[in-house]
file final_30.txt (compact mmCIF, C-alpha atoms)
# COMPACT_ATOMS: atom_id res chain seq x y z
CA MET J 21 125.10 121.77 86.45
CA THR J 22 121.56 121.71 85.06
CA THR J 23 122.83 120.16 81.81
CA VAL J 24 124.60 117.43 83.76
CA ALA J 25 121.39 116.80 85.71
CA GLN J 26 119.49 116.40 82.45
CA ARG J 27 121.97 113.78 81.29
CA HIS J 28 122.27 111.73 84.46
CA LEU J 29 119.66 112.45 87.16
CA LEU J 30 116.12 111.05 87.25
CA LEU J 31 113.93 113.28 89.41
CA ASN J 32 110.99 112.08 91.49
CA MET J 33 107.45 112.83 90.28
CA THR J 34 108.80 114.71 87.26
CA ALA J 35 108.36 114.65 83.51
CA ASN J 36 112.13 114.33 83.20
CA GLY J 37 112.11 114.62 79.43
CA SER J 38 110.24 117.94 79.51
CA LEU J 39 112.60 120.11 81.53
CA GLY J 40 114.14 121.73 78.48
CA PRO J 41 117.18 120.63 76.46
CA LYS J 42 119.63 122.24 78.88
CA GLY J 43 117.66 121.70 82.07
CA GLU J 44 116.72 125.36 82.17
CA ASP J 45 113.48 124.62 84.05
CA LEU J 46 115.33 122.81 86.86
CA LEU J 47 115.65 124.55 90.22
CA VAL J 48 119.02 123.61 91.72
CA VAL J 49 119.10 124.47 95.43
CA ARG J 50 122.67 124.99 96.62
CA ARG J 51 122.41 126.12 100.25
CA GLY J 52 120.00 127.08 103.01
CA GLU J 53 119.93 129.56 105.86
CA GLY J 54 117.14 130.01 108.40
CA PRO J 55 113.83 129.68 106.49
CA TYR J 56 115.49 130.48 103.14
CA VAL J 57 117.23 128.55 100.38
CA ASP J 58 119.51 129.84 97.63
CA ASP J 59 119.68 128.42 94.12
CA ALA J 60 122.78 127.79 92.04
CA GLU J 61 122.66 131.34 90.66
CA GLY J 62 122.46 132.87 94.13
CA ARG J 63 118.77 133.78 94.09
CA ARG J 64 117.12 133.51 97.51
CA TYR J 65 113.69 132.00 98.18
CA ILE J 66 111.45 131.59 101.19
CA ASP J 67 111.09 127.85 101.65
CA GLY J 68 107.34 127.91 101.99
CA LEU J 69 107.05 124.13 101.93
CA SER J 70 109.84 123.19 104.38
CA GLY J 71 111.56 121.27 101.62
CA LEU J 72 108.89 118.61 101.34
CA TYR J 73 107.30 119.09 104.79
CA CYS J 74 110.62 117.95 106.30
CA CYS J 75 112.70 120.94 107.35
CA GLN J 76 110.82 121.93 110.48
CA LEU J 77 113.84 123.81 111.83
CA GLY J 78 114.86 125.48 108.61
CA TYR J 79 118.53 125.42 107.64
CA SER J 80 120.59 127.06 110.38
CA TYR J 81 121.07 124.18 112.82
CA GLY J 82 123.69 122.42 110.71
CA PRO J 83 126.57 122.79 113.21
CA GLU J 84 124.56 121.18 116.01
CA PHE J 85 123.50 118.28 113.82
CA ALA J 86 127.03 117.92 112.48
CA GLU J 87 128.27 117.63 116.05
CA ALA J 88 125.73 114.91 116.81
CA ALA J 89 126.59 113.11 113.58
CA GLU J 90 130.35 113.26 114.20
CA LYS J 91 129.97 111.91 117.73
CA GLN J 92 127.85 109.02 116.50
CA LEU J 93 130.06 108.18 113.52
CA ARG J 94 133.17 108.15 115.69
CA GLU J 95 131.49 105.58 117.93
CA LEU J 96 129.50 103.44 115.51
CA CYS J 97 128.70 104.02 111.83
CA TYR J 98 126.29 101.13 111.32
CA SER J 99 124.62 98.27 113.13
CA PRO J 100 121.39 96.58 112.01
CA LEU J 101 118.23 96.13 114.03
CA TRP J 102 118.10 92.57 112.79
CA THR J 103 117.78 89.07 114.26
CA GLY J 104 118.28 89.96 117.88
CA SER J 105 120.72 92.85 117.40
CA ALA J 106 120.34 96.53 118.34
CA HIS J 107 122.43 99.58 119.18
CA PRO J 108 122.15 102.21 121.95
CA THR J 109 121.10 105.17 119.81
CA ALA J 110 118.06 103.40 118.34
CA ILE J 111 117.10 102.15 121.81
CA GLU J 112 117.35 105.66 123.23
CA LEU J 113 115.29 107.13 120.37
CA ALA J 114 112.56 104.50 120.73
CA GLU J 115 112.30 105.31 124.44
CA ARG J 116 112.24 109.06 123.73
CA LEU J 117 109.45 108.64 121.18
CA SER J 118 107.38 106.63 123.65
CA ARG J 119 107.40 109.63 126.01
CA ILE J 120 105.81 111.99 123.47
CA ALA J 121 103.68 109.51 121.52
CA PRO J 122 99.90 109.22 121.85
CA VAL J 123 98.51 107.24 124.77
CA ASP J 124 99.37 103.52 124.86
CA ILE J 125 101.95 103.84 122.05
CA GLU J 126 105.10 102.28 123.52
CA HIS J 127 107.07 100.54 120.74
CA THR J 128 108.81 101.76 117.56
CA PHE J 129 109.77 99.94 114.37
CA PHE J 130 112.24 102.05 112.39
CA SER J 131 112.50 102.44 108.62
CA SER J 132 114.08 104.78 106.08
CA GLY J 133 111.05 106.91 105.18
CA GLY J 134 107.32 107.41 105.20
CA ALA J 135 106.28 104.86 102.59
CA GLU J 136 108.26 102.16 104.41
CA ALA J 137 106.59 103.20 107.67
CA VAL J 138 103.14 102.76 106.09
CA GLU J 139 104.13 99.42 104.52
CA THR J 140 105.20 98.33 107.99
CA ALA J 141 101.87 99.37 109.49
CA TRP J 142 100.04 97.21 106.95
CA LYS J 143 102.25 94.19 107.58
CA ILE J 144 101.96 94.56 111.35
CA ALA J 145 98.18 94.80 111.05
CA ARG J 146 98.06 91.62 108.96
CA ARG J 147 100.36 89.82 111.40
CA TYR J 148 98.32 90.97 114.39
CA HIS J 149 95.07 89.60 113.00
CA ALA J 150 96.65 86.33 111.84
CA LEU J 151 98.10 85.70 115.29
CA ARG J 152 94.67 86.33 116.79
CA GLY J 153 93.15 83.69 114.54
CA GLU J 154 91.62 86.07 111.98
CA PRO J 155 93.73 85.63 108.82
CA GLY J 156 90.73 86.65 106.70
CA ARG J 157 91.23 90.30 107.60
CA THR J 158 92.93 91.22 104.31
CA LYS J 159 91.28 94.53 103.37
CA ALA J 160 92.14 98.11 104.23
CA ILE J 161 90.01 101.24 104.33
CA SER J 162 91.47 104.56 103.23
CA ARG J 163 89.95 107.89 102.23
CA ARG J 164 89.23 109.40 98.86
CA GLY J 165 92.02 111.54 97.54
CA ALA J 166 94.43 110.07 100.08
CA TYR J 167 98.15 109.72 99.48
CA HIS J 168 100.08 107.26 101.65
CA GLY J 169 103.19 106.56 99.55
CA LEU J 170 104.47 105.37 96.21
CA THR J 171 105.69 101.84 96.84
CA ILE J 172 103.54 99.10 95.34
CA GLY J 173 102.06 98.37 98.75
CA THR J 174 101.32 101.95 99.76
CA LEU J 175 99.88 102.70 96.32
CA SER J 176 97.10 100.30 97.35
CA LEU J 177 96.14 102.88 100.00
CA THR J 178 96.56 105.88 97.69
CA ASP J 179 93.53 107.20 95.80
CA ASP J 180 94.99 108.84 92.71
CA PRO J 181 94.55 107.08 89.36
CA GLY J 182 97.42 109.05 87.86
CA LEU J 183 99.74 107.44 90.40
CA THR J 184 98.21 103.98 90.62
CA GLU J 185 97.04 103.00 87.13
CA PRO J 186 100.50 102.91 85.45
CA TYR J 187 101.46 100.06 87.78
CA GLY J 188 98.52 97.73 87.42
CA PRO J 189 96.22 96.20 90.03
CA PRO J 190 96.77 97.05 93.70
CA ALA J 191 98.75 94.73 95.94
CA PHE J 192 95.79 94.34 98.29
CA ASP J 193 92.15 95.36 98.46
CA THR J 194 91.32 98.81 99.74
CA ARG J 195 87.94 100.48 100.01
CA PHE J 196 87.84 104.27 99.89
CA VAL J 197 85.40 106.39 101.89
CA SER J 198 84.84 110.14 101.97
CA ASN J 199 87.50 112.41 103.37
CA THR J 200 86.51 115.33 105.60
CA ASN J 201 86.50 118.13 103.02
CA ARG J 202 83.30 120.18 103.37
CA PHE J 203 83.98 122.57 100.50
CA GLY J 204 81.09 122.46 98.06
CA LEU J 205 78.76 120.47 100.32
CA ALA J 206 75.31 121.56 101.44
CA PRO J 207 75.31 124.34 104.09
CA GLU J 208 73.88 122.11 106.82
CA TYR J 209 77.16 120.19 106.93
CA ALA J 210 78.84 123.22 108.45
CA ASP J 211 77.45 121.71 111.66
CA ASP J 212 80.14 119.40 113.05
CA GLY J 213 77.64 117.01 114.57
CA LEU J 214 75.73 116.46 111.35
CA TYR J 215 78.84 116.17 109.25
CA THR J 216 80.59 113.74 111.59
CA ALA J 217 77.46 111.59 111.74
CA ARG J 218 77.29 111.49 107.94
CA LEU J 219 80.95 110.49 107.58
CA LEU J 220 80.79 107.80 110.24
CA ALA J 221 77.54 106.39 108.85
CA GLU J 222 79.13 106.05 105.41
CA LEU J 223 82.16 104.36 106.96
CA GLU J 224 80.04 101.93 108.96
CA ASP J 225 77.96 101.07 105.90
CA THR J 226 81.19 100.30 104.02
CA ILE J 227 82.47 98.08 106.82
CA LEU J 228 79.22 96.14 106.95
CA ALA J 229 79.03 95.80 103.18
CA GLU J 230 82.57 94.39 102.99
CA GLY J 231 82.14 92.24 106.08
CA PRO J 232 83.75 93.45 109.32
CA GLU J 233 85.67 90.18 109.58
CA THR J 234 87.57 91.08 106.37
CA VAL J 235 88.84 94.54 107.41
CA ALA J 236 92.36 94.70 108.83
CA MET J 237 92.86 98.44 109.29
CA LEU J 238 91.72 101.94 108.50
CA ILE J 239 94.38 104.54 107.70
CA ALA J 240 93.87 108.31 107.78
CA GLU J 241 95.92 111.45 108.22
CA PRO J 242 94.83 113.75 111.08
CA VAL J 243 94.97 116.56 108.49
CA GLN J 244 94.81 115.13 104.98
CA ASN J 245 97.53 116.57 102.78
CA ARG J 246 96.32 115.52 99.33
CA GLY J 247 93.21 117.52 98.54
CA GLY J 248 94.49 120.49 100.49
CA CYS J 249 95.11 120.43 104.27
CA ILE J 250 91.72 118.91 105.07
CA THR J 251 90.92 119.11 108.79
CA PRO J 252 88.40 116.82 110.53
CA PRO J 253 85.16 117.89 112.21
CA LYS J 254 84.74 117.55 115.96
CA GLY J 255 84.11 114.01 117.08
CA TYR J 256 85.44 112.41 113.91
CA TRP J 257 88.50 110.71 115.36
CA GLN J 258 86.56 109.62 118.43
CA GLY J 259 84.06 108.05 116.03
CA LEU J 260 86.81 106.25 114.15
CA ARG J 261 88.08 104.84 117.45
CA ALA J 262 84.59 103.62 118.39
CA LEU J 263 84.09 101.87 115.04
CA ALA J 264 87.55 100.27 115.21
CA ASP J 265 86.74 98.90 118.65
CA ARG J 266 83.28 97.73 117.59
CA TYR J 267 84.39 95.88 114.47
CA GLY J 268 87.88 94.78 115.47
CA PHE J 269 90.11 96.50 112.91
CA LEU J 270 93.18 98.60 113.72
CA LEU J 271 93.18 102.39 113.47
CA VAL J 272 96.31 103.86 111.85
CA ALA J 273 97.15 107.56 111.95
CA ASP J 274 99.46 108.49 109.08
CA GLU J 275 101.47 111.33 110.62
CA VAL J 276 104.30 111.39 108.09
CA ILE J 277 103.54 115.09 107.54
CA THR J 278 101.58 116.16 110.62
CA ALA J 279 103.88 114.87 113.38
CA PHE J 280 106.66 116.85 115.06
CA GLY J 281 105.05 120.25 115.25
CA ARG J 282 103.48 120.87 111.86
CA VAL J 283 100.12 121.65 113.52
CA GLY J 284 101.54 122.79 116.86
CA GLU J 285 101.61 119.39 118.60
CA TRP J 286 104.12 116.56 118.71
CA PHE J 287 101.49 114.52 116.85
CA GLY J 288 98.72 116.07 114.79
CA GLY J 289 96.19 113.58 116.09
CA ASP J 290 96.66 114.99 119.60
CA ARG J 291 94.86 118.12 118.42
CA TYR J 292 91.78 116.09 117.53
CA GLY J 293 91.68 113.55 120.33
CA ALA J 294 92.87 110.66 118.16
CA ARG J 295 93.70 107.38 119.88
CA PRO J 296 95.24 105.27 117.12
CA ASP J 297 96.66 101.77 117.45
CA ILE J 298 99.55 102.58 115.10
CA VAL J 299 101.17 105.87 114.04
CA THR J 300 103.42 106.30 111.00
CA VAL J 301 105.99 109.11 110.94
CA ALA J 302 108.95 110.33 108.88
CA LYS J 303 109.93 113.77 107.47
CA GLY J 304 110.00 115.96 110.59
CA ILE J 305 111.46 113.27 112.83
CA THR J 306 114.92 114.40 111.71
CA ALA J 307 113.95 117.89 110.46
CA GLY J 308 115.28 116.84 107.07
CA TYR J 309 118.86 116.43 108.29
CA ALA J 310 118.86 112.66 107.66
CA PRO J 311 116.46 110.08 106.20
CA MET J 312 114.30 108.20 108.68
CA GLY J 313 110.82 106.80 109.12
CA ALA J 314 109.15 104.98 111.98
CA THR J 315 106.03 103.01 112.80
CA LEU J 316 104.89 103.56 116.38
CA VAL J 317 102.86 100.65 117.70
CA GLY J 318 100.41 100.47 120.59
CA THR J 319 100.54 97.98 123.43
CA LYS J 320 97.32 96.27 122.30
CA VAL J 321 99.14 95.25 119.14
CA THR J 322 102.56 94.48 120.59
CA GLU J 323 101.06 92.21 123.24
CA VAL J 324 99.99 90.02 120.31
CA ILE J 325 102.90 90.27 117.87
CA ASN J 326 105.43 89.88 120.70
CA ARG J 327 103.97 86.63 122.01
CA PRO J 328 106.64 84.04 122.80
CA GLY J 329 107.53 82.24 119.60
CA ALA J 330 105.92 84.80 117.29
CA VAL J 331 108.29 86.20 114.66
CA LEU J 332 107.92 89.56 112.93
CA ASN J 333 109.37 88.59 109.55
CA HIS J 334 109.90 92.12 108.33
CA GLY J 335 112.81 94.55 108.21
CA TYR J 336 114.94 97.12 106.39
CA THR J 337 118.71 97.25 106.06
CA PHE J 338 118.96 100.86 107.23
CA ALA J 339 116.16 100.78 109.82
CA GLY J 340 117.18 102.83 112.85
CA HIS J 341 120.55 103.68 111.28
CA PRO J 342 122.82 105.05 114.04
CA LEU J 343 123.45 108.32 112.19
CA SER J 344 119.75 108.98 111.53
CA ALA J 345 118.82 108.01 115.09
CA ALA J 346 121.41 110.42 116.50
CA ILE J 347 120.07 113.20 114.26
CA ALA J 348 116.50 112.47 115.35
CA LEU J 349 117.45 112.62 119.01
CA ARG J 350 119.20 115.96 118.52
CA ASN J 351 116.16 117.24 116.59
CA LEU J 352 113.81 116.40 119.48
CA GLU J 353 116.23 118.03 121.91
CA ILE J 354 116.38 121.24 119.85
CA MET J 355 112.62 121.38 119.35
CA GLU J 356 112.08 121.13 123.09
CA ARG J 357 114.89 123.50 124.05
CA ASP J 358 113.92 126.20 121.53
CA ARG J 359 110.19 125.82 122.20
CA ILE J 360 109.36 125.17 118.56
CA LEU J 361 105.83 123.96 119.31
CA ASP J 362 105.19 127.16 121.27
CA ASN J 363 106.25 129.20 118.25
CA VAL J 364 103.65 127.49 116.08
CA ARG J 365 100.95 127.81 118.74
CA GLY J 366 101.76 131.47 119.27
CA LEU J 367 101.53 132.39 115.59
CA GLU J 368 98.94 129.99 114.20
CA ASP J 369 95.98 132.30 114.83
CA HIS J 370 97.75 135.12 113.00
CA LEU J 371 98.54 132.88 110.04
CA ALA J 372 94.96 131.59 110.03
CA LYS J 373 93.62 135.15 109.75
CA ARG J 374 96.04 136.09 107.00
CA MET J 375 95.20 132.97 105.00
CA ALA J 376 91.45 133.37 105.56
CA SER J 377 91.62 136.88 104.07
CA LEU J 378 92.58 135.34 100.74
CA THR J 379 88.99 134.12 100.30
CA ASP J 380 88.13 137.71 99.36
CA LEU J 381 89.85 137.06 96.01
CA PRO J 382 87.61 135.68 93.23
CA ILE J 383 89.98 132.86 92.36
CA VAL J 384 90.09 131.50 95.93
CA GLY J 385 87.19 129.15 96.59
CA ASP J 386 88.27 127.92 100.00
CA VAL J 387 91.11 128.21 102.49
CA ARG J 388 91.69 125.39 104.97
CA GLY J 389 94.33 124.09 107.31
CA THR J 390 95.76 124.56 110.78
CA GLY J 391 99.07 125.25 112.48
CA PHE J 392 101.69 126.03 109.83
CA PHE J 393 99.88 123.98 107.18
CA TYR J 394 97.44 125.66 104.75
CA SER J 395 95.95 125.34 101.29
CA CYS J 396 93.91 127.57 99.01
CA GLU J 397 91.55 125.69 96.72
CA LEU J 398 91.18 127.68 93.52
CA ALA J 399 87.95 128.45 91.70
CA GLY J 400 88.00 128.85 87.94
CA ASP J 401 86.21 130.38 84.99
CA LEU J 402 83.45 127.77 84.54
CA ASP J 403 79.98 127.93 86.07
CA ASP J 404 80.70 124.99 88.37
CA GLY J 405 83.87 126.63 89.69
CA GLY J 406 86.19 124.49 87.58
CA PHE J 407 88.78 125.58 85.08
CA SER J 408 88.66 125.45 81.32
CA ASP J 409 91.72 123.88 79.75
CA LEU J 410 92.89 127.31 78.66
CA ALA J 411 92.55 128.84 82.12
CA ARG J 412 94.16 125.84 83.79
CA ALA J 413 97.16 125.98 81.47
CA GLY J 414 97.50 129.75 81.74
CA LEU J 415 97.02 130.16 85.48
CA ILE J 416 97.79 126.95 87.36
CA VAL J 417 100.49 125.54 85.10
CA ASP J 418 102.13 128.81 84.16
CA LEU J 419 101.31 132.12 85.83
CA ILE J 420 100.93 131.17 89.52
CA PRO J 421 104.05 128.98 89.88
CA ARG J 422 106.09 131.35 87.70
CA ARG J 423 105.09 134.43 89.69
CA MET J 424 105.80 132.65 92.97
CA ARG J 425 109.30 131.78 91.81
CA GLU J 426 109.85 135.35 90.63
CA ALA J 427 108.64 136.67 94.00
CA GLY J 428 111.04 134.40 95.85
CA LEU J 429 108.56 131.91 97.32
CA LEU J 430 108.71 128.14 97.03
CA ALA J 431 105.27 126.66 97.62
CA ARG J 432 103.20 123.90 96.08
CA VAL J 433 100.78 124.36 93.18
CA TYR J 434 98.67 121.29 92.48
CA ASN J 435 97.33 120.80 88.99
CA ARG J 436 95.06 117.84 89.68
CA SER J 437 91.34 117.38 90.26
CA ALA J 438 91.35 120.09 92.93
CA PRO J 439 93.70 122.94 91.92
CA LEU J 440 95.50 124.11 95.04
CA VAL J 441 98.20 126.40 96.35
CA GLN J 442 99.74 125.01 99.52
CA ILE J 443 102.18 126.30 102.14
CA ALA J 444 103.95 124.55 105.00
CA PRO J 445 106.65 126.96 106.19
CA PRO J 446 109.44 126.01 108.60
CA LEU J 447 108.29 125.96 112.21
CA ILE J 448 110.92 128.56 113.12
CA SER J 449 109.14 131.15 110.96
CA ASP J 450 108.35 134.46 112.67
CA ARG J 451 105.42 136.82 112.16
CA PHE J 452 107.27 138.88 109.56
CA LEU J 453 108.00 135.85 107.39
CA LEU J 454 104.43 134.52 107.63
CA ASP J 455 103.15 137.96 106.61
CA ARG J 456 105.57 138.00 103.69
CA ILE J 457 104.29 134.62 102.50
CA ALA J 458 100.68 135.77 102.80
CA ASP J 459 101.45 139.04 100.99
CA ILE J 460 103.11 137.22 98.08
CA LEU J 461 100.18 134.83 97.78
CA ALA J 462 97.70 137.73 97.90
CA ASP J 463 99.48 139.64 95.13
CA ILE J 464 99.81 136.62 92.85
CA LEU J 465 96.27 135.34 93.38
CA ALA J 466 94.92 138.85 92.82
CA GLU J 467 96.69 138.93 89.47
CA ALA J 468 95.32 135.48 88.64
CA SER J 469 91.82 136.60 89.67
CA ALA J 470 91.97 139.45 87.20
CA ARG J 471 92.57 136.93 84.40
CA ILE J 472 89.65 134.63 85.10
call {"tool": "encode", "arguments": {"input": "final_30.txt", "output": "structure tokens"}}
result
Amino acid sequence: MTTVAQRHLLLNMTANGSLGPKGEDLLVVRRGEGPYVDDAEGRRYIDGLSGLYCCQLGYSYGPEFAEAAEKQLRELCYSPLWTGSAHPTAIELAERLSRIAPVDIEHTFFSSGGAEAVETAWKIARRYHALRGEPGRTKAISRRGAYHGLTIGTLSLTDDPGLTEPYGPPAFDTRFVSNTNRFGLAPEYADDGLYTARLLAELEDTILAEGPETVAMLIAEPVQNRGGCITPPKGYWQGLRALADRYGFLLVADEVITAFGRVGEWFGGDRYGARPDIVTVAKGITAGYAPMGATLVGTKVTEVINRPGAVLNHGYTFAGHPLSAAIALRNLEIMERDRILDNVRGLEDHLAKRMASLTDLPIVGDVRGTGFFYSCELAGDLDDGGFSDLARAGLIVDLIPRRMREAGLLARVYNRSAPLVQIAPPLISDRFLLDRIADILADILAEASARI
């Protein structure tokens, strides 16, 4: 099977020509059960990343989702949300989302995934301002190190030269401001008030330098994934809201990863008092059982874009697909019935303590995150905490990911500007499994520490 994959399958974000002549470096996942997956040879792994932050419920709810899928497919396999047409399942899901969404978020525009949801947010923002007589609002603000998708449009919001430079100039202008990572900053910024004031002052200076009348939106994740589960200081999201109101741009919360329980809330921004105008979601909306994304839009925006005669010239063939909508509805039902958010809330303090203990290891410079979403930023063999090429190749590229695979843990090891080990286990995980993940990480990082 791996040889066939080498011949015919192009993988995402992969050096496809470097997997080995017979595909021997390719992990082929054949089945899943609970929080575990098995590969083609029958080896079992803890899925410490929930697939790709998608499989909130793990892999044992298949019969329930199959039942929901069969019922939907027997009734209606496809109907577009296009030119005045809709279908009951998408309508029901949009209404259900409005009941759990942040305050004043009442409408949903469906898509097939997260990047499409972010593209939609940008187009809605542009349309909103144009209809209000401000077509000059053509710039976005994002944060350094941010990742918001890989389409040409969302690459404009993504701050990673390795991802953006191969494809030429961005589709639209974006200015990048600091994210909320305090690691390595002066000790006084441990104070939330001082740090928040610094971040908001930088943002306001950027807005004024660009011209407030040119800024269409600011996009930020409640907990920034790229860079390592970066949480905000107190008052940060309230400050973003105040600046958006003062200068007239829209505030977008990218919740493609953080929504649907990842940090113990339906929406990650709820934990930090966020009041966005637009929210983008995907991944956990269906728990990985079907592809779907969505852009949730506040009433302030829809009152403008839904004016009589105004047309939202935007859409996707599979937006709100009946099958995906039925799966999403069943996912929300299961999460509520089985008290999935309560499971995260009940265990998050324990996981926080276990992860924090890893900072005792020399190679661990910082641990950050919340809920079931954590990263360890690694410190290397150089005086500034970085890694020599030799150490990076030996530890981050080879030893740590290899030992994790051997120990039966699938997690993420970043080999970019900030070397990281990241976990995002299924939200059904119990105390024993979280301890097992922490124990594996401790053993492997201890071995890596001994080699620095």
call {"tool": "closest_residue", "arguments": {"input": "final_30.txt", "among": "J:Pro253, J:Gly52, J:Gly71, J:Gly62", "to": "Gly213 (chain J)", "atoms": "all atoms listed in the file"}}
result
J:Pro253
call {"tool": "atom_distance", "arguments": {"input": "final_30.txt", "atom1": "CA of Val299 (chain J)", "atom2": "CA of Val138 (chain J)"}}
result
8.8 Å
call {"tool": "atom_distance", "arguments": {"input": "final_30.txt", "atom1": "CA of Pro242 (chain J)", "atom2": "CA of Arg291 (chain J)"}}
result
8.5 Å
call {"tool": "residues_around", "arguments": {"input": "final_30.txt", "residues": "region 89-104 of chain J", "least_positions_apart": "2", "cutoff": "9 Å", "atoms": "only C-alpha atoms", "output": "number ranges by chain"}}
result
J: 84-87, 106-107, 109-110, 130, 335-344, 346-347
call {"tool": "closest_residue", "arguments": {"input": "final_30.txt", "among": "J:Arg157, J:Arg295, J:Arg164, J:Arg27", "to": "Gly231 (chain J)", "atoms": "all atoms listed in the file"}}
result
J:Arg157
call {"tool": "closest_residue", "arguments": {"input": "final_30.txt", "among": "J:Gly134, J:Gly313, J:Gly391, J:Gly156", "to": "Val283 (chain J)", "atoms": "all atoms listed in the file"}}
result
J:Gly391
call {"tool": "atom_distance", "arguments": {"input": "final_30.txt", "atom1": "CA of Thr315 (chain J)", "atom2": "CA of Ser131 (chain J)"}}
result
7.7 Å
call {"tool": "closest_residue", "arguments": {"input": "final_30.txt", "among": "J:Arg357, J:Lys254, J:Arg471, J:Arg64", "to": "Leu220 (chain J)", "atoms": "only C-alpha atoms"}}
result
J:Lys254
call {"tool": "residues_around", "arguments": {"input": "final_30.txt", "residues": "Leu453 (chain J)", "least_positions_apart": "3", "cutoff": "12 Å", "atoms": "all atoms listed in the file", "output": "list in words"}}
result
Gly54, Pro55, Tyr56, Tyr65, Ile66, Asp67, Gly68, Leu367, His370, Leu371, Arg374, Phe392, Leu429, Pro445, Pro446, Leu447, Ile448, Ser449, Asp450, Arg456, Ile457, Ala458, Asp459 and Ile460 of chain J
call {"tool": "closest_residue", "arguments": {"input": "final_30.txt", "among": "J:Tyr267, J:Phe393, J:Phe280, J:Tyr209", "to": "Ala236 (chain J)", "atoms": "all atoms listed in the file"}}
result
J:Tyr267
call {"tool": "residues_around", "arguments": {"input": "final_30.txt", "residues": "region 193-198 of chain J", "least_positions_apart": "2", "cutoff": "6 Å", "atoms": "all atoms listed in the file", "output": "PyMOL selection string"}}
result
chain J and resi 159-164
call {"tool": "closest_residue", "arguments": {"input": "final_30.txt", "among": "J:Ala240, J:Ile305, J:Leu378, J:Ile277", "to": "Met355 (chain J)", "atoms": "all atoms listed in the file"}}
result
J:Ile305
call {"tool": "build_atoms", "arguments": {"input": "final_30.txt", "residues": "region 47-51 of chain J", "atoms": "all heavy atoms", "output": "mmCIF file, in the frame of the given file"}}
result
data_model
loop_
_atom_site.group_PDB
_atom_site.id
_atom_site.type_symbol
_atom_site.label_atom_id
_atom_site.label_comp_id
_atom_site.auth_asym_id
_atom_site.auth_seq_id
_atom_site.Cartn_x
_atom_site.Cartn_y
_atom_site.Cartn_z
ATOM 1 N N LEU J 47 115.192 123.757 89.085
ATOM 2 C CA LEU J 47 115.650 124.550 90.220
ATOM 3 C C LEU J 47 116.722 123.753 90.960
ATOM 4 O O LEU J 47 116.450 122.669 91.470
ATOM 5 C CB LEU J 47 114.494 124.866 91.174
ATOM 6 C CG LEU J 47 114.874 125.539 92.495
ATOM 7 C CD1 LEU J 47 115.401 126.952 92.254
ATOM 8 C CD2 LEU J 47 113.687 125.559 93.448
ATOM 9 N N VAL J 48 117.925 124.259 91.004
ATOM 10 C CA VAL J 48 119.020 123.610 91.720
ATOM 11 C C VAL J 48 119.278 124.396 92.997
ATOM 12 O O VAL J 48 119.738 125.540 92.955
ATOM 13 C CB VAL J 48 120.292 123.546 90.858
ATOM 14 C CG1 VAL J 48 121.439 122.912 91.647
ATOM 15 C CG2 VAL J 48 120.032 122.757 89.580
ATOM 16 N N VAL J 49 118.935 123.812 94.134
ATOM 17 C CA VAL J 49 119.100 124.470 95.430
ATOM 18 C C VAL J 49 120.486 124.134 95.968
ATOM 19 O O VAL J 49 120.827 122.967 96.148
ATOM 20 C CB VAL J 49 118.006 124.017 96.416
ATOM 21 C CG1 VAL J 49 118.245 124.632 97.790
ATOM 22 C CG2 VAL J 49 116.628 124.415 95.893
ATOM 23 N N ARG J 50 121.265 125.185 96.233
ATOM 24 C CA ARG J 50 122.670 124.990 96.620
ATOM 25 C C ARG J 50 122.874 125.072 98.131
ATOM 26 O O ARG J 50 123.701 124.345 98.689
ATOM 27 C CB ARG J 50 123.545 126.030 95.921
ATOM 28 C CG ARG J 50 125.038 125.831 96.158
ATOM 29 C CD ARG J 50 125.861 126.909 95.476
ATOM 30 N NE ARG J 50 125.778 126.819 94.024
ATOM 31 C CZ ARG J 50 126.555 126.027 93.288
ATOM 32 N NH1 ARG J 50 127.447 125.257 93.863
ATOM 33 N NH2 ARG J 50 126.439 126.013 91.978
ATOM 34 N N ARG J 51 122.177 125.958 98.818
ATOM 35 C CA ARG J 51 122.410 126.120 100.250
ATOM 36 C C ARG J 51 121.151 126.651 100.921
ATOM 37 O O ARG J 51 120.215 127.113 100.247
ATOM 38 C CB ARG J 51 123.587 127.059 100.525
ATOM 39 C CG ARG J 51 123.347 128.503 100.125
ATOM 40 C CD ARG J 51 124.557 129.387 100.391
ATOM 41 N NE ARG J 51 124.937 129.399 101.786
ATOM 42 C CZ ARG J 51 124.437 130.241 102.699
ATOM 43 N NH1 ARG J 51 123.520 131.122 102.353
ATOM 44 N NH2 ARG J 51 124.852 130.197 103.940
#
